[in-house]
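Data first, discussion second: the structure below is written as C-alpha cells.
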Amino acid sequence: MGRISVKTITAIKLFTVFLFASAQVNAASVSYFLDQSNDLADGTNYAKVTISDSIGHAGDIEFAVEVLTGAFPTPLSNFGMQSFYFNADDGLAVSAANLVDINPSWSVNTDKNPGGGFGKFDFEVAGNGSNRTELLTFRISDVTGDTIDSYALNSVLQDEEGTPGVYFAAHIADYDSVVSGNTSGKFGGSSVVPIPAAVWLFASGLGFLGWRGRKTILNQAS
C-alpha cells in the first residue's frame, strides 16, 4: 500500500476541523432581524438580535441587540434604543434577577407591552429617562436547562389572544422621519439572519478537499 501524502493528511484534518467548528457555531449562536415597524416601512432590517452560548460564563446565555443605524432616516444627537422586549420559555424558572451584566442605568421589568401592535412580552430591558444605546448586551445566568432557543419565542397579541406575534420588539428613538413626522417608533421581528454566502463557499471548498483526500487514500490503498 502506498504512502499517504502530507497534502492529503492536511486536507483531511482541515475538513474534520471545519465540520467540528461548523457544528459548534450553528449550535452556539443564532441571529434575528427586527424588520417590522409601526412608524417606518416594513421589510427593512432595523435591528439585529443575537443570542449565543456564553464563552466566558459556562451555562449562561448572552444577548446582543444592535441598532442598524443606516436603516434610519437622519439619526439625531440622542438616537438609539430605549427598550428591548423578549420572552422566556414558561417551563423555565426565569426572573429579572437572572438578567445580569446590564448597564447600571437600565432596568428589567416583566410582563410588558411595548405598543406598536407587537404583543406582550415576558421581559423588558429599558433605559431610564433619555438613556439610549445602539448596542445592548446582557446575560441570562443561573437558569437550569435553558438554551438559546428558550428565548426565541412568539409574543402573544393582545387583540387576538393566542395568536403568535414576533419574537422580539424594541423602542428606538430620536430620528427625523420626514414621511411620518415622528422621531421614534416601535420595531419588531423574528426573521432569521441567513448564513453569509462566504461561509457556504468555504464549506464547499473544504468539503471538496476532504473528498479529494479520501479519493486519494482509496486509490493508494488499491
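Letters A, B, ... mark the chains of the C-alpha cells in the order given; residue numbers begin at 1 per chain; ligand numbers begin at 1, in order shown.
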
Report task. Skip A:Arg132 itself and residues of its chain fewer than 3 positions away, then list as JSON, numbers by chain all residues within 8 Å of it, counting only C-alpha atoms. Result -> {"A": [78, 79, 80, 81, 82, 127]}

Query raised in the report: If you count only C-alpha atoms, which residues fall within 10 Å of A:Ser155, apart from same-chain ones fewer than 3 positions away, as a PyMOL selection string?
Result: chain A and resi 85-88+113+118-122+152+158+162-169

Selection above as a file: N, CA and C atoms, as a PDB file, in the first residue's frame:
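What follows is the written file out.pdb:
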ATOM      1  N   TYR A  85     -37.568  44.018  24.207  1.00  0.00           N
ATOM      2  CA  TYR A  85     -38.537  43.079  24.763  1.00  0.00           C
ATOM      3  C   TYR A  85     -38.296  41.666  24.218  1.00  0.00           C
ATOM      4  N   PHE A  86     -38.416  40.675  25.101  1.00  0.00           N
ATOM      5  CA  PHE A  86     -38.269  39.286  24.666  1.00  0.00           C
ATOM      6  C   PHE A  86     -39.036  38.373  25.613  1.00  0.00           C
ATOM      7  N   ASN A  87     -39.134  37.102  25.232  1.00  0.00           N
ATOM      8  CA  ASN A  87     -39.847  36.107  26.013  1.00  0.00           C
ATOM      9  C   ASN A  87     -38.915  35.018  26.522  1.00  0.00           C
ATOM     10  N   ALA A  88     -39.404  34.258  27.500  1.00  0.00           N
ATOM     11  CA  ALA A  88     -38.682  33.092  28.005  1.00  0.00           C
ATOM     12  C   ALA A  88     -39.635  31.909  28.063  1.00  0.00           C
ATOM     13  N   ASN A 113     -46.039  45.382  27.538  1.00  0.00           N
ATOM     14  CA  ASN A 113     -46.477  45.565  26.161  1.00  0.00           C
ATOM     15  C   ASN A 113     -45.743  46.780  25.593  1.00  0.00           C
ATOM     16  N   PHE A 118     -47.194  44.791  18.646  1.00  0.00           N
ATOM     17  CA  PHE A 118     -46.289  43.639  18.638  1.00  0.00           C
ATOM     18  C   PHE A 118     -46.567  42.640  19.748  1.00  0.00           C
ATOM     19  N   GLY A 119     -47.539  42.925  20.593  1.00  0.00           N
ATOM     20  CA  GLY A 119     -47.929  41.950  21.594  1.00  0.00           C
ATOM     21  C   GLY A 119     -47.388  42.232  22.973  1.00  0.00           C
ATOM     22  N   LYS A 120     -47.408  41.185  23.795  1.00  0.00           N
ATOM     23  CA  LYS A 120     -46.991  41.290  25.185  1.00  0.00           C
ATOM     24  C   LYS A 120     -45.817  40.351  25.428  1.00  0.00           C
ATOM     25  N   PHE A 121     -44.831  40.829  26.186  1.00  0.00           N
ATOM     26  CA  PHE A 121     -43.588  40.080  26.367  1.00  0.00           C
ATOM     27  C   PHE A 121     -43.302  39.832  27.842  1.00  0.00           C
ATOM     28  N   ASP A 122     -42.551  38.768  28.097  1.00  0.00           N
ATOM     29  CA  ASP A 122     -42.192  38.425  29.475  1.00  0.00           C
ATOM     30  C   ASP A 122     -41.251  39.445  30.111  1.00  0.00           C
ATOM     31  N   ALA A 152     -36.192  32.564  22.032  1.00  0.00           N
ATOM     32  CA  ALA A 152     -36.671  32.955  20.701  1.00  0.00           C
ATOM     33  C   ALA A 152     -38.082  32.424  20.557  1.00  0.00           C
ATOM     34  N   GLN A 158     -52.302  41.030  22.020  1.00  0.00           N
ATOM     35  CA  GLN A 158     -53.361  41.279  22.989  1.00  0.00           C
ATOM     36  C   GLN A 158     -54.748  41.327  22.355  1.00  0.00           C
ATOM     37  N   GLY A 162     -53.804  34.328  21.988  1.00  0.00           N
ATOM     38  CA  GLY A 162     -53.366  33.041  21.491  1.00  0.00           C
ATOM     39  C   GLY A 162     -52.753  33.092  20.107  1.00  0.00           C
ATOM     40  N   THR A 163     -52.880  34.217  19.413  1.00  0.00           N
ATOM     41  CA  THR A 163     -52.276  34.348  18.091  1.00  0.00           C
ATOM     42  C   THR A 163     -50.813  34.735  18.233  1.00  0.00           C
ATOM     43  N   PRO A 164     -49.894  33.989  17.637  1.00  0.00           N
ATOM     44  CA  PRO A 164     -48.476  34.308  17.818  1.00  0.00           C
ATOM     45  C   PRO A 164     -48.082  35.614  17.152  1.00  0.00           C
ATOM     46  N   GLY A 165     -47.203  36.352  17.816  1.00  0.00           N
ATOM     47  CA  GLY A 165     -46.655  37.576  17.251  1.00  0.00           C
ATOM     48  C   GLY A 165     -45.185  37.389  16.924  1.00  0.00           C
ATOM     49  N   VAL A 166     -44.405  38.442  17.057  1.00  0.00           N
ATOM     50  CA  VAL A 166     -42.979  38.390  16.744  1.00  0.00           C
ATOM     51  C   VAL A 166     -42.186  37.880  17.954  1.00  0.00           C
ATOM     52  N   TYR A 167     -40.923  37.534  17.725  1.00  0.00           N
ATOM     53  CA  TYR A 167     -40.065  37.045  18.809  1.00  0.00           C
ATOM     54  C   TYR A 167     -39.592  38.185  19.719  1.00  0.00           C
ATOM     55  N   PHE A 168     -39.252  39.331  19.101  1.00  0.00           N
ATOM     56  CA  PHE A 168     -38.635  40.427  19.844  1.00  0.00           C
ATOM     57  C   PHE A 168     -39.237  41.763  19.411  1.00  0.00           C
ATOM     58  N   ALA A 169     -39.090  42.768  20.271  1.00  0.00           N
ATOM     59  CA  ALA A 169     -39.516  44.119  19.919  1.00  0.00           C
ATOM     60  C   ALA A 169     -38.578  45.118  20.581  1.00  0.00           C
TER      61      ALA A 169
END

Write down as a CSV table (one decimal) with N, CA and C atoms, in the first residue's frame the residues belonging to stretch 24-120 of chain A that are assigned helix (DSSP H, G or I) by DSSP computed on the backbone.
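Once everything was written out, this is out_35.csv:
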chain,number,residue,atom,x,y,z
A,24,GLN,N,-20.3,23.6,16.0
A,24,GLN,CA,-20.2,24.4,17.2
A,24,GLN,C,-20.8,25.7,17.0
A,25,VAL,N,-20.5,26.4,15.8
A,25,VAL,CA,-21.1,27.7,15.5
A,25,VAL,C,-22.6,27.6,15.4
A,26,ASN,N,-23.1,26.6,14.7
A,26,ASN,CA,-24.5,26.5,14.5
A,26,ASN,C,-25.2,26.3,15.8
A,27,ALA,N,-24.6,25.6,16.7
A,27,ALA,CA,-25.3,25.3,18.0
A,27,ALA,C,-25.2,26.5,18.9
A,28,ALA,N,-24.2,27.3,18.8
A,28,ALA,CA,-23.8,28.3,19.8
A,28,ALA,C,-24.4,29.7,19.6
A,69,THR,N,-28.0,51.5,12.4
A,69,THR,CA,-28.2,52.9,12.2
A,69,THR,C,-28.5,53.4,10.8
A,70,GLY,N,-27.9,52.7,9.9
A,70,GLY,CA,-28.0,53.1,8.5
A,70,GLY,C,-29.4,52.9,7.9
A,71,ALA,N,-30.3,52.2,8.6
A,71,ALA,CA,-31.6,51.9,8.2
A,71,ALA,C,-32.6,53.1,8.6
A,96,ALA,N,-36.3,38.4,36.7
A,96,ALA,CA,-35.5,39.6,36.4
A,96,ALA,C,-34.1,39.5,37.0
A,97,ALA,N,-34.0,38.7,38.1
A,97,ALA,CA,-32.8,38.6,38.8
A,97,ALA,C,-31.8,37.8,38.0
A,98,ASN,N,-32.2,37.0,37.0
A,98,ASN,CA,-31.3,36.2,36.2
A,98,ASN,C,-30.7,37.0,35.1
